[in-house]
file my_file-v7.txt (compact mmCIF, C-alpha atoms)
# COMPACT_ATOMS: atom_id res chain seq x y z
CA MET Z 1 138.53 58.09 41.30
CA LYS Z 2 137.38 61.45 39.97
CA LEU Z 3 135.15 63.54 42.17
CA SER Z 4 133.67 66.92 41.52
CA HIS Z 5 131.95 69.26 43.89
CA THR Z 6 130.40 72.67 43.52
CA ALA Z 7 129.32 74.95 46.33
CA LEU Z 8 128.12 78.53 46.58
CA VAL Z 9 129.93 80.60 49.20
CA ARG Z 10 128.16 83.79 50.18
CA ALA Z 11 131.18 86.06 50.00
CA PRO Z 12 133.03 87.93 47.22
CA ARG Z 13 135.69 86.07 45.24
CA SER Z 14 138.66 88.01 46.60
CA ARG Z 15 137.82 87.02 50.18
CA VAL Z 16 137.15 83.38 49.30
CA TRP Z 17 140.45 83.29 47.40
CA LYS Z 18 142.36 84.57 50.40
CA LEU Z 19 140.87 81.93 52.64
CA VAL Z 20 141.16 78.88 50.39
CA THR Z 21 144.81 79.62 49.54
CA ASP Z 22 145.69 80.00 53.23
CA VAL Z 23 146.11 76.25 53.77
CA PRO Z 24 146.11 76.19 57.61
CA ALA Z 25 143.03 78.45 57.71
CA ALA Z 26 141.20 76.52 55.01
CA ALA Z 27 142.11 73.23 56.70
CA ARG Z 28 140.32 74.37 59.84
CA CYS Z 29 137.18 74.14 57.73
CA VAL Z 30 137.71 70.48 56.89
CA PRO Z 31 135.96 68.41 59.58
CA GLY Z 32 138.34 65.97 61.24
CA VAL Z 33 141.55 67.86 60.48
CA ALA Z 34 144.01 68.11 63.36
CA ALA Z 35 146.76 70.74 63.56
CA VAL Z 36 148.27 71.70 60.21
CA THR Z 37 151.85 72.92 60.47
CA PRO Z 38 154.09 74.48 57.78
CA SER Z 39 156.89 72.24 56.49
CA GLY Z 40 158.32 74.45 53.72
CA THR Z 41 157.17 77.05 51.21
CA GLY Z 42 153.60 76.22 50.32
CA LYS Z 43 153.95 72.85 52.10
CA TYR Z 44 152.25 71.61 55.24
CA LYS Z 45 151.92 68.56 57.42
CA GLY Z 46 148.62 67.56 58.89
CA SER Z 47 146.28 64.78 59.78
CA LEU Z 48 142.68 64.01 58.95
CA LEU Z 49 140.39 61.74 60.94
CA VAL Z 50 137.67 60.10 58.86
CA GLN Z 51 135.11 57.95 60.63
CA LEU Z 52 132.90 55.42 58.86
CA GLY Z 53 130.83 53.85 61.59
CA PRO Z 54 133.25 51.77 63.67
CA VAL Z 55 136.13 52.31 61.24
CA ARG Z 56 138.43 55.20 62.05
CA LEU Z 57 141.02 56.30 59.55
CA VAL Z 58 143.75 58.63 60.66
CA LEU Z 59 145.38 59.98 57.54
CA ASP Z 60 148.74 61.60 58.27
CA GLY Z 61 150.50 63.35 55.47
CA ASP Z 62 151.58 66.30 53.43
CA VAL Z 63 149.58 68.97 51.71
CA ALA Z 64 151.10 71.29 49.14
CA LEU Z 65 149.74 74.22 47.24
CA THR Z 66 151.23 73.38 43.84
CA ALA Z 67 149.87 76.19 41.67
CA THR Z 68 147.99 79.43 42.16
CA ASP Z 69 146.64 81.90 39.62
CA GLU Z 70 144.74 84.60 41.43
CA ALA Z 71 143.70 86.46 38.27
CA ALA Z 72 142.06 83.30 36.92
CA GLY Z 73 140.85 82.25 40.37
CA LYS Z 74 142.49 78.84 40.09
CA ALA Z 75 144.64 76.86 42.48
CA SER Z 76 145.89 73.29 42.74
CA VAL Z 77 146.51 71.30 45.87
CA ARG Z 78 148.24 67.96 46.26
CA ALA Z 79 147.71 65.78 49.29
CA ASP Z 80 149.64 62.64 50.15
CA ALA Z 81 148.60 60.75 53.24
CA LYS Z 82 148.69 57.35 54.81
CA ASP Z 83 146.97 55.52 57.61
CA SER Z 84 149.77 53.60 59.28
CA ARG Z 85 147.55 51.67 61.70
CA LEU Z 86 145.16 50.13 59.18
CA GLY Z 87 147.50 50.35 56.22
CA GLY Z 88 146.55 52.36 53.21
CA THR Z 89 147.40 55.49 51.33
CA VAL Z 90 145.41 58.31 49.81
CA ARG Z 91 146.83 60.56 47.12
CA ALA Z 92 144.71 63.38 45.88
CA THR Z 93 145.16 66.24 43.47
CA MET Z 94 142.52 68.89 43.74
CA ASP Z 95 141.91 71.72 41.30
CA LEU Z 96 140.02 74.63 42.75
CA ALA Z 97 138.27 77.24 40.65
CA LEU Z 98 136.47 80.30 41.96
CA VAL Z 99 133.81 81.86 39.79
CA ASP Z 100 132.20 85.26 40.43
CA LYS Z 101 128.47 85.01 41.00
CA GLY Z 102 127.59 88.62 41.79
CA GLU Z 103 128.02 89.06 45.53
CA ASP Z 104 128.72 85.36 45.94
CA THR Z 105 131.40 82.99 44.72
CA GLU Z 106 131.00 79.56 43.25
CA LEU Z 107 133.67 77.16 44.43
CA ARG Z 108 134.36 74.27 42.06
CA ILE Z 109 136.63 71.49 43.20
CA THR Z 110 137.59 68.64 40.92
CA SER Z 111 139.62 65.92 42.59
CA ASP Z 112 141.49 62.91 41.37
CA VAL Z 113 141.81 60.58 44.33
CA ARG Z 114 143.90 57.43 44.31
CA ILE Z 115 143.35 55.06 47.19
CA ALA Z 116 145.56 52.08 47.86
CA GLY Z 117 145.48 49.42 50.53
CA ARG Z 118 142.73 48.56 52.94
CA ILE Z 119 140.93 51.86 52.79
CA GLY Z 120 139.89 50.89 49.28
CA GLU Z 121 137.90 47.95 50.66
CA PHE Z 122 135.03 50.32 51.31
CA GLY Z 123 134.34 50.75 47.64
CA GLN Z 124 133.68 53.84 45.65
CA PRO Z 125 130.07 54.59 46.67
CA VAL Z 126 130.93 54.85 50.35
CA ILE Z 127 134.10 56.87 49.71
CA GLN Z 128 132.27 59.17 47.31
CA ARG Z 129 129.57 59.76 49.90
CA LYS Z 130 132.12 60.55 52.59
CA ALA Z 131 133.89 62.96 50.23
CA ASP Z 132 130.57 64.65 49.44
CA GLN Z 133 129.91 65.13 53.16
CA LEU Z 134 133.39 66.58 53.74
CA MET Z 135 133.06 68.99 50.82
CA THR Z 136 129.60 70.16 51.86
CA GLN Z 137 130.76 70.83 55.39
CA PHE Z 138 133.92 72.51 54.05
CA ALA Z 139 131.90 74.92 51.91
CA GLU Z 140 129.46 75.66 54.72
CA CYS Z 141 132.35 76.39 57.05
CA LEU Z 142 134.03 78.69 54.51
CA ALA Z 143 130.79 80.62 54.21
CA ARG Z 144 130.46 80.87 58.01
CA THR Z 145 134.07 81.97 58.39
CA LEU Z 146 133.63 84.73 55.82
CA ALA Z 147 130.22 85.88 57.04
CA MET Q 1 147.42 41.43 65.16
CA THR Q 2 145.65 40.50 68.37
CA TYR Q 3 143.08 41.91 70.74
CA ASP Q 4 141.96 41.15 74.27
CA TYR Q 5 138.60 39.40 74.31
CA HIS Q 6 136.24 40.15 77.19
CA GLU Q 7 133.07 38.26 78.07
CA PRO Q 8 131.03 40.27 80.55
CA GLU Q 9 128.08 38.51 82.18
CA THR Q 10 125.96 41.59 82.81
CA VAL Q 11 125.16 44.75 80.87
CA ALA Q 12 126.71 46.77 83.71
CA GLU Q 13 130.01 44.90 83.27
CA ALA Q 14 129.89 45.52 79.52
CA LEU Q 15 129.27 49.24 80.06
CA ASP Q 16 132.14 49.33 82.52
CA LEU Q 17 134.50 47.73 79.99
CA MET Q 18 133.34 50.18 77.33
CA ALA Q 19 134.01 53.11 79.66
CA ARG Q 20 137.43 51.75 80.53
CA HIS Q 21 138.63 51.11 76.97
CA GLY Q 22 136.78 53.87 75.09
CA GLU Q 23 137.49 54.01 71.37
CA ASP Q 24 139.87 51.06 71.64
CA ALA Q 25 136.92 48.74 72.39
CA HIS Q 26 134.51 47.12 69.95
CA LEU Q 27 131.27 45.34 70.85
CA VAL Q 28 130.34 42.06 69.20
CA ALA Q 29 127.55 39.54 69.63
CA GLY Q 30 127.63 36.96 66.81
CA ALA Q 31 130.72 38.77 65.44
CA THR Q 32 129.85 38.00 61.81
CA ALA Q 33 130.20 41.61 60.66
CA PHE Q 34 133.16 42.28 62.94
CA THR Q 35 135.07 39.26 61.63
CA LEU Q 36 134.73 40.45 58.03
CA LEU Q 37 135.88 43.98 58.85
CA TRP Q 38 138.70 42.65 61.01
CA ARG Q 39 139.92 40.27 58.33
CA GLN Q 40 139.77 43.09 55.80
CA GLY Q 41 142.00 45.02 58.18
CA LEU Q 42 139.53 47.85 58.60
CA LEU Q 43 139.09 47.36 62.35
CA ARG Q 44 141.99 47.03 64.76
CA PRO Q 45 140.52 47.38 68.26
CA GLY Q 46 142.68 46.52 71.26
CA HIS Q 47 139.66 45.15 73.13
CA VAL Q 48 136.68 43.17 71.86
CA ILE Q 49 133.69 42.86 74.18
CA GLY Q 50 131.52 39.82 73.47
CA LEU Q 51 127.90 40.12 74.62
CA ARG Q 52 126.75 36.54 74.10
CA ARG Q 53 127.20 35.46 77.72
CA ILE Q 54 124.89 38.15 79.07
CA VAL Q 55 121.80 36.09 79.88
CA GLY Q 56 119.34 38.99 79.91
CA LEU Q 57 120.18 39.99 76.33
CA GLY Q 58 118.88 36.83 74.70
CA GLY Q 59 115.50 35.27 74.12
CA ILE Q 60 112.18 36.28 72.64
CA THR Q 61 109.07 37.12 74.63
CA ALA Q 62 105.59 37.97 73.42
CA THR Q 63 102.70 39.72 75.13
CA ASP Q 64 99.39 41.05 73.78
CA LYS Q 65 101.06 44.43 73.39
CA GLU Q 66 104.39 43.63 71.84
CA LEU Q 67 107.07 41.20 70.79
CA VAL Q 68 110.40 41.72 72.53
CA ILE Q 69 113.48 40.24 70.85
CA GLY Q 70 116.68 40.21 72.86
CA ALA Q 71 119.68 41.80 71.16
CA THR Q 72 121.67 38.56 71.12
CA ALA Q 73 118.84 36.42 69.70
CA THR Q 74 120.17 34.92 66.49
CA HIS Q 75 118.43 35.28 63.14
CA ARG Q 76 117.79 31.53 63.22
CA GLU Q 77 116.15 31.67 66.66
CA ILE Q 78 113.88 34.44 65.42
CA GLU Q 79 113.11 32.58 62.19
CA ARG Q 80 112.09 29.48 64.20
CA SER Q 81 110.21 31.25 66.98
CA ALA Q 82 106.51 30.39 67.26
CA ASP Q 83 105.96 33.73 69.00
CA VAL Q 84 107.42 35.59 66.03
CA ALA Q 85 105.35 33.55 63.55
CA ARG Q 86 102.17 34.30 65.53
CA HIS Q 87 103.06 37.97 65.74
CA CYS Q 88 103.79 38.43 62.04
CA PRO Q 89 104.48 35.64 59.54
CA ALA Q 90 106.18 38.14 57.23
CA LEU Q 91 108.76 38.79 59.97
CA THR Q 92 109.52 35.06 60.09
CA ARG Q 93 109.96 35.02 56.31
CA THR Q 94 112.21 38.07 56.48
CA PHE Q 95 114.62 36.32 58.84
CA ALA Q 96 114.45 33.12 56.81
CA SER Q 97 115.61 35.10 53.76
CA VAL Q 98 118.85 36.30 55.35
CA ALA Q 99 122.03 34.83 53.84
CA THR Q 100 122.48 31.14 54.77
CA VAL Q 101 121.59 28.94 57.75
CA ARG Q 102 125.20 29.02 58.94
CA ILE Q 103 125.16 32.78 59.09
CA ARG Q 104 121.66 32.91 60.58
CA ASN Q 105 122.82 30.58 63.36
CA GLN Q 106 125.57 33.00 64.28
CA ALA Q 107 124.42 36.53 63.46
CA THR Q 108 122.27 38.31 66.02
CA LEU Q 109 119.55 40.89 65.51
CA GLY Q 110 121.24 43.42 67.81
CA GLY Q 111 124.46 43.04 65.84
CA ASN Q 112 122.59 43.35 62.56
CA LEU Q 113 121.01 46.65 63.61
CA ALA Q 114 124.14 48.10 65.20
CA HIS Q 115 126.19 47.22 62.10
CA ALA Q 116 123.79 49.34 59.99
CA ASP Q 117 124.59 47.89 56.60
CA PRO Q 118 121.89 49.41 54.38
CA ALA Q 119 121.33 46.21 52.40
CA GLN Q 120 120.34 43.99 55.30
CA ASP Q 121 116.89 42.37 55.48
CA PRO Q 122 115.48 42.84 58.99
CA PRO Q 123 115.73 46.66 59.15
CA PRO Q 124 113.14 47.57 56.49
CA MET Q 125 110.67 44.96 57.77
CA LEU Q 126 111.10 46.15 61.35
CA MET Q 127 110.68 49.76 60.19
CA ALA Q 128 107.43 48.87 58.44
CA LEU Q 129 106.28 47.16 61.65
CA GLY Q 130 107.01 50.29 63.71
CA ALA Q 131 109.71 48.65 65.84
CA GLU Q 132 112.02 50.41 68.25
CA VAL Q 133 115.25 49.46 69.98
CA VAL Q 134 116.20 49.75 73.63
CA ALA Q 135 119.63 51.24 74.36
CA ALA Q 136 121.21 51.00 77.79
CA SER Q 137 123.95 53.19 79.21
CA ALA Q 138 125.19 54.07 82.69
CA ALA Q 139 122.58 56.86 82.64
CA GLY Q 140 119.71 54.38 82.15
CA GLU Q 141 117.66 53.16 79.21
CA ARG Q 142 116.11 54.93 76.26
CA THR Q 143 114.19 53.76 73.24
CA ILE Q 144 114.97 54.73 69.66
CA ALA Q 145 112.43 54.25 66.87
CA LEU Q 146 113.94 52.27 64.02
CA ASP Q 147 113.13 55.23 61.76
CA ASP Q 148 115.64 57.25 63.83
CA LEU Q 149 118.30 54.58 64.36
CA PHE Q 150 120.10 54.60 61.01
CA VAL Q 151 122.21 57.65 60.26
CA ASP Q 152 124.59 56.63 57.49
CA VAL Q 153 126.38 53.59 56.09
CA PHE Q 154 127.57 51.58 59.13
CA THR Q 155 126.46 54.43 61.39
CA THR Q 156 123.62 54.55 63.92
CA SER Q 157 122.34 57.08 66.43
CA LEU Q 158 123.53 54.82 69.27
CA ARG Q 159 126.03 56.68 71.43
CA SER Q 160 129.46 55.20 72.06
CA ASP Q 161 128.50 54.57 75.72
CA GLU Q 162 125.34 52.62 74.83
CA VAL Q 163 124.57 48.94 74.33
CA LEU Q 164 121.59 47.91 72.22
CA THR Q 165 119.74 45.48 74.51
CA ALA Q 166 116.42 44.64 72.86
CA ILE Q 167 114.10 45.21 69.93
CA ARG Q 168 110.41 45.87 70.56
CA VAL Q 169 107.85 45.21 67.87
CA PRO Q 170 104.37 46.52 68.73
CA ALA Q 171 101.36 44.27 68.19
CA LEU Q 172 99.86 44.81 64.76
CA ALA Q 173 96.37 46.29 64.59
CA PRO Q 174 93.90 43.51 63.71
CA GLY Q 175 93.56 43.06 59.95
CA THR Q 176 97.04 44.36 59.16
CA HIS Q 177 98.75 42.63 56.25
CA ALA Q 178 102.54 42.55 55.96
CA THR Q 179 105.08 41.43 53.41
CA TYR Q 180 108.80 41.50 52.69
CA LEU Q 181 110.07 41.13 49.14
CA LYS Q 182 113.73 40.81 48.28
CA PHE Q 183 114.97 41.17 44.72
CA LEU Q 184 117.76 38.63 44.25
CA PRO Q 185 118.82 38.44 40.60
CA GLN Q 186 121.97 36.47 41.38
CA THR Q 187 122.05 33.92 44.22
CA ALA Q 188 119.59 33.10 46.98
CA ASP Q 189 122.09 33.96 49.74
CA ASP Q 190 123.09 37.33 48.32
CA TYR Q 191 122.30 40.76 49.69
CA ALA Q 192 119.24 42.25 48.03
CA THR Q 193 119.61 44.44 44.97
CA VAL Q 194 116.59 46.21 46.42
CA SER Q 195 114.18 45.03 49.10
CA VAL Q 196 110.74 46.26 50.09
CA ALA Q 197 108.78 45.75 53.29
CA ALA Q 198 105.19 46.92 53.58
CA THR Q 199 102.26 46.74 55.97
CA MET Q 200 98.69 47.73 55.14
CA ARG Q 201 95.34 47.77 56.87
CA PHE Q 202 91.99 48.48 55.25
CA THR Q 203 88.73 50.07 56.36
CA ASP Q 204 85.46 48.19 55.95
CA ASP Q 205 84.93 50.24 52.78
CA GLY Q 206 88.18 48.93 51.31
CA GLU Q 207 90.15 52.13 51.76
CA VAL Q 208 93.70 52.17 53.07
CA ALA Q 209 93.45 52.85 56.81
CA ASP Q 210 97.13 52.49 57.52
CA VAL Q 211 100.19 51.86 55.35
CA ARG Q 212 103.92 51.73 55.97
CA VAL Q 213 106.56 51.04 53.35
CA ALA Q 214 110.32 50.76 53.87
CA LEU Q 215 113.15 49.83 51.52
CA GLY Q 216 116.59 48.32 51.91
CA ALA Q 217 119.66 48.66 49.65
CA CYS Q 218 118.32 51.93 48.24
CA GLY Q 219 120.76 54.40 49.78
CA PRO Q 220 123.06 54.90 52.75
CA THR Q 221 120.41 53.65 55.20
CA PRO Q 222 117.22 51.62 55.04
CA VAL Q 223 114.50 54.15 54.38
CA ARG Q 224 110.76 54.76 54.88
CA ALA Q 225 108.94 55.49 51.62
CA ARG Q 226 106.74 58.25 52.98
CA SER Q 227 105.82 59.61 49.53
CA VAL Q 228 104.37 56.20 48.67
CA GLU Q 229 102.55 56.00 52.01
CA ASP Q 230 101.08 59.51 51.56
CA ALA Q 231 99.86 58.66 48.07
CA LEU Q 232 97.92 55.67 49.42
CA ALA Q 233 96.55 56.93 52.73
CA GLY Q 234 92.75 56.94 52.58
CA ALA Q 235 92.71 55.79 48.95
CA VAL Q 236 90.95 52.82 47.39
CA PRO Q 237 94.04 50.88 46.35
CA ASP Q 238 93.22 49.76 42.83
CA ALA Q 239 95.98 48.80 40.39
CA ALA Q 240 96.29 52.29 38.91
CA ARG Q 241 96.52 53.93 42.30
CA ILE Q 242 99.16 51.47 43.44
CA ALA Q 243 101.21 51.98 40.28
CA ASP Q 244 101.05 55.74 40.82
CA ALA Q 245 102.02 55.44 44.50
CA ALA Q 246 104.90 53.04 43.76
CA ALA Q 247 106.32 55.45 41.17
CA ARG Q 248 106.70 58.03 43.94
CA VAL Q 249 109.29 55.87 45.70
CA ASP Q 250 111.86 57.67 43.54
CA ALA Q 251 111.61 60.71 45.83
CA ASP Q 252 112.38 58.68 48.95
CA ILE Q 253 115.50 56.79 47.90
CA ALA Q 254 119.13 57.60 47.08
CA PRO Q 255 120.68 54.38 45.73
CA PHE Q 256 124.27 54.19 44.56
CA ASP Q 257 126.09 52.14 41.95
CA ASP Q 258 127.61 48.91 43.17
CA VAL Q 259 128.14 45.31 42.07
CA ARG Q 260 124.40 44.67 42.36
CA GLY Q 261 123.46 47.33 39.85
CA SER Q 262 123.61 50.96 38.87
CA ALA Q 263 121.75 53.61 40.81
CA GLY Q 264 119.36 54.02 37.86
CA TYR Q 265 118.61 50.30 37.71
CA LYS Q 266 117.93 50.22 41.45
CA ARG Q 267 115.54 53.15 41.08
CA ASP Q 268 113.61 51.20 38.45
CA MET Q 269 113.65 48.05 40.57
CA ALA Q 270 112.56 49.94 43.68
CA ARG Q 271 109.44 51.08 41.81
CA VAL Q 272 108.74 47.61 40.39
CA TRP Q 273 109.19 45.80 43.72
CA THR Q 274 107.29 48.42 45.70
CA GLU Q 275 104.37 47.96 43.31
CA ARG Q 276 104.58 44.17 43.67
CA ALA Q 277 104.69 44.37 47.45
CA LEU Q 278 101.67 46.67 47.62
CA LEU Q 279 99.69 44.59 45.10
CA SER Q 280 100.39 41.42 47.08
CA LEU Q 281 98.96 43.04 50.21
CA VAL Q 282 95.82 44.20 48.42
CA GLU Q 283 95.32 40.85 46.71
CA GLY Q 284 96.02 38.97 49.94
CA ARG Q 285 93.34 40.69 52.03
CA ALA Q 286 90.41 38.52 50.89
call {"tool": "encode", "arguments": {"input": "my_file-v7.txt", "output": "structure tokens"}}
result
Amino acid sequence: MKLSHTALVRAPRSRVWKLVTDVPAAARCVPGVAAVTPSGTGKYKGSLLVQLGPVRLVLDGDVALTATDEAAGKASVRADAKDSRLGGTVRATMDLALVDKGEDTELRITSDVRIAGRIGEFGQPVIQRKADQLMTQFAECLARTLA
Amino acid sequence: MTYDYHEPETVAEALDLMARHGEDAHLVAGATAFTLLWRQGLLRPGHVIGLRRIVGLGGITATDKELVIGATATHREIERSADVARHCPALTRTFASVATVRIRNQATLGGNLAHADPAQDPPPMLMALGAEVVAASAAGERTIALDDLFVDVFTTSLRSDEVLTAIRVPALAPGTHATYLKFLPQTADDYATVSVAATMRFTDDGEVADVRVALGACGPTPVRARSVEDALAGAVPDAARIADAAARVDADIAPFDDVRGSAGYKRDMARVWTERALLSLVEGRA
């Protein structure tokens, strides 16, 4: 499933870059994320709680910053997580691009998300909507953090 | 995979069980929605609290002021209730259009509302009728207008310490017409591709004195079509005016693609079925 999100963060590109490539700091801006701890160079372990009404997914897994190009304002992140209670895995690769917009920065995130197991029962529209909510809140939080 | 099943006999006992088991508890009444989610493996509660034995949560009562439907009244009981038919025949027809008799015999209205599936039938009709729900917690009772109950797919504004106990439908002003239309291009027991509920009352001069329109299956929650309502308030509802008002439904809805059609198709169908619902009310007033 391909998802794309764009958000305007009211801060200069250099500051947004610093925050989004600091995985533990950026993760604090993702609603539902519990403690993210380093597990190697550019690698982290963490967990994400996603609630859809009565259904609670606890996605435990690894996040890695796989590529960064500060001059171009581009970074790639890979996330591999599973919910062991309900059964299901989520694998996502996310490409981030930061674009100068005067005083502000446009954050573009294109994601390729592969969902296996029971989580997929929800269907794409519901998952897409949840992802949209997460991304909107993520961008708002980045903006607040940098304000 | 197992869970402990509890059958409290009072709301207080149910609230106590909910407090004791917290997020590990799940409330059911008819358990139709729960059973599907459980079989899909999406719910794994340690404790299931069944509400069907709580006597005060069932039944249907009618007064001059309102119709009160207990949370554990089944769709079939509501469909067959003389009180409901007297209150609003369109409400009877709405319940009769839900799924199949087997499901209607099991599924309850409280469960239907708490489950908050956006494609279900009773919510838009109850929204158009100005209904509200009663929620009980250890702190007491509060009422929530149906317009404020649905937050997202499968998500309501009920707190985790609350039980939905009843649904109140106010008496309709004399001369109010109501309808519920469900677009079912596939099978009669399917969820709607789009559904439209509407109520309308006219002045002696034939103007629209009061109008409420709500749609199901047109986004993450059932939704009021306030743009349509605003376009009709005070107007003489001729065919052109109704067509214009129905076209405005586009601003009120946010459908998504699924097996019942693309978002674009649902937008078109929402306009078509809104227009049909409104026309039927205008034509039916004679």
call {"tool": "residues_around", "arguments": {"input": "my_file-v7.txt", "residues": "range 91-93 of chain Z", "least_positions_apart": "6", "cutoff": "6 Å", "atoms": "all atoms listed in the file", "output": "ChimeraX atom specification"}}
result
/Z:77-80,111-114
call {"tool": "interface_residues", "arguments": {"input": "my_file-v7.txt", "of": "chain Z", "to": "chain Q", "cutoff": "10 Å", "atoms": "all atoms listed in the file", "output": "ChimeraX atom specification"}}
result
/Z:51-57,85-88,117-126,128-130
call {"tool": "residues_around", "arguments": {"input": "my_file-v7.txt", "residues": "Ala71 in chain Z", "least_positions_apart": "3", "cutoff": "12 Å", "atoms": "only C-alpha atoms", "output": "VMD selection string"}}
result
chain Z and resid 13 to 14 17 68 74 to 75 97 to 100
call {"tool": "closest_residue", "arguments": {"input": "my_file-v7.txt", "among": "Q:Ala71, Q:Phe150, Q:Arg159, Q:Ser195", "to": "Val134 in chain Q", "atoms": "all atoms listed in the file"}}
result
Q:Ala71
call {"tool": "residues_near_point", "arguments": {"input": "my_file-v7.txt", "point": "(129.9, 36.6, 64.6)", "cutoff": "7 Å", "atoms": "only C-alpha atoms", "output": "PyMOL selection string"}}
result
chain Q and resi 29-35+106-107
call {"tool": "closest_residue", "arguments": {"input": "my_file-v7.txt", "among": "Z:Ala116, Z:Leu65, Z:Ala35, Z:Leu107", "to": "Val9 in chain Z", "atoms": "only C-alpha atoms"}}
result
Z:Leu107
call {"tool": "atom_distance", "arguments": {"input": "my_file-v7.txt", "atom1": "CA of Leu172 in chain Q", "atom2": "CA of Thr199 in chain Q"}}
result
9.3 Å
call {"tool": "residues_around", "arguments": {"input": "my_file-v7.txt", "residues": "Val33 in chain Z", "least_positions_apart": "5", "cutoff": "7 Å", "atoms": "all atoms listed in the file", "output": "PDB file with C-alpha atoms, keeping the file's coordinate frame"}}
result
ATOM      1  CA  ALA Z  27     142.110  73.230  56.700  1.00  0.00           C
ATOM      2  CA  ARG Z  28     140.320  74.370  59.840  1.00  0.00           C
ATOM      3  CA  SER Z  47     146.280  64.780  59.780  1.00  0.00           C
ATOM      4  CA  LEU Z  48     142.680  64.010  58.950  1.00  0.00           C
ATOM      5  CA  LEU Z  49     140.390  61.740  60.940  1.00  0.00           C
TER       6      LEU Z  49
END
call {"tool": "closest_residue", "arguments": {"input": "my_file-v7.txt", "among": "Q:Leu17, Q:Val169, Q:Val11, Q:Ala119", "to": "Leu91 in chain Q", "atoms": "all atoms listed in the file"}}
result
Q:Val169
call {"tool": "closest_residue", "arguments": {"input": "my_file-v7.txt", "among": "Z:Ala131, Z:Met1, Z:Ala143, Z:Val90", "to": "Val20 in chain Z", "atoms": "only C-alpha atoms"}}
result
Z:Ala143
call {"tool": "closest_residue", "arguments": {"input": "my_file-v7.txt", "among": "Q:Thr165, Q:Ala254, Q:Arg224, Q:Glu283", "to": "Gly206 in chain Q", "atoms": "only C-alpha atoms"}}
result
Q:Glu283
call {"tool": "atom_distance", "arguments": {"input": "my_file-v7.txt", "atom1": "CA of Val249 in chain Q", "atom2": "CA of Val228 in chain Q"}}
result
5.8 Å
call {"tool": "residues_around", "arguments": {"input": "my_file-v7.txt", "residues": "range 101-105 of chain Q", "least_positions_apart": "4", "cutoff": "7 Å", "atoms": "all atoms listed in the file", "output": "list of chain:residue names"}}
result
Q:Thr74, Q:His75, Q:Arg76
call {"tool": "residues_around", "arguments": {"input": "my_file-v7.txt", "residues": "range 94-99 of chain Q", "least_positions_apart": "2", "cutoff": "10 Å", "atoms": "all atoms listed in the file", "output": "PDB file with C-alpha atoms, in the coordinates of the input"}}
result
ATOM      1  CA  THR Q  74     120.170  34.920  66.490  1.00  0.00           C
ATOM      2  CA  HIS Q  75     118.430  35.280  63.140  1.00  0.00           C
ATOM      3  CA  ARG Q  76     117.790  31.530  63.220  1.00  0.00           C
ATOM      4  CA  GLU Q  77     116.150  31.670  66.660  1.00  0.00           C
ATOM      5  CA  ILE Q  78     113.880  34.440  65.420  1.00  0.00           C
ATOM      6  CA  GLU Q  79     113.110  32.580  62.190  1.00  0.00           C
ATOM      7  CA  ARG Q  80     112.090  29.480  64.200  1.00  0.00           C
ATOM      8  CA  PRO Q  89     104.480  35.640  59.540  1.00  0.00           C
ATOM      9  CA  ALA Q  90     106.180  38.140  57.230  1.00  0.00           C
ATOM     10  CA  LEU Q  91     108.760  38.790  59.970  1.00  0.00           C
ATOM     11  CA  THR Q  92     109.520  35.060  60.090  1.00  0.00           C
ATOM     12  CA  VAL Q 101     121.590  28.940  57.750  1.00  0.00           C
ATOM     13  CA  ARG Q 102     125.200  29.020  58.940  1.00  0.00           C
ATOM     14  CA  ILE Q 103     125.160  32.780  59.090  1.00  0.00           C
ATOM     15  CA  ARG Q 104     121.660  32.910  60.580  1.00  0.00           C
ATOM     16  CA  ALA Q 107     124.420  36.530  63.460  1.00  0.00           C
ATOM     17  CA  LEU Q 109     119.550  40.890  65.510  1.00  0.00           C
ATOM     18  CA  GLN Q 120     120.340  43.990  55.300  1.00  0.00           C
ATOM     19  CA  ASP Q 121     116.890  42.370  55.480  1.00  0.00           C
ATOM     20  CA  PRO Q 122     115.480  42.840  58.990  1.00  0.00           C
ATOM     21  CA  PRO Q 123     115.730  46.660  59.150  1.00  0.00           C
ATOM     22  CA  PRO Q 124     113.140  47.570  56.490  1.00  0.00           C
ATOM     23  CA  MET Q 125     110.670  44.960  57.770  1.00  0.00           C
ATOM     24  CA  LEU Q 126     111.100  46.150  61.350  1.00  0.00           C
ATOM     25  CA  THR Q 179     105.080  41.430  53.410  1.00  0.00           C
ATOM     26  CA  TYR Q 180     108.800  41.500  52.690  1.00  0.00           C
ATOM     27  CA  LEU Q 181     110.070  41.130  49.140  1.00  0.00           C
ATOM     28  CA  LYS Q 182     113.730  40.810  48.280  1.00  0.00           C
ATOM     29  CA  THR Q 187     122.050  33.920  44.220  1.00  0.00           C
ATOM     30  CA  ALA Q 188     119.590  33.100  46.980  1.00  0.00           C
ATOM     31  CA  ASP Q 189     122.090  33.960  49.740  1.00  0.00           C
ATOM     32  CA  ASP Q 190     123.090  37.330  48.320  1.00  0.00           C
ATOM     33  CA  TYR Q 191     122.300  40.760  49.690  1.00  0.00           C
ATOM     34  CA  ALA Q 192     119.240  42.250  48.030  1.00  0.00           C
ATOM     35  CA  ALA Q 197     108.780  45.750  53.290  1.00  0.00           C
TER      36      ALA Q 197
END
call {"tool": "atom_distance", "arguments": {"input": "my_file-v7.txt", "atom1": "CA of Gly22 in chain Q", "atom2": "CA of Asn112 in chain Q"}}
result
21.7 Å
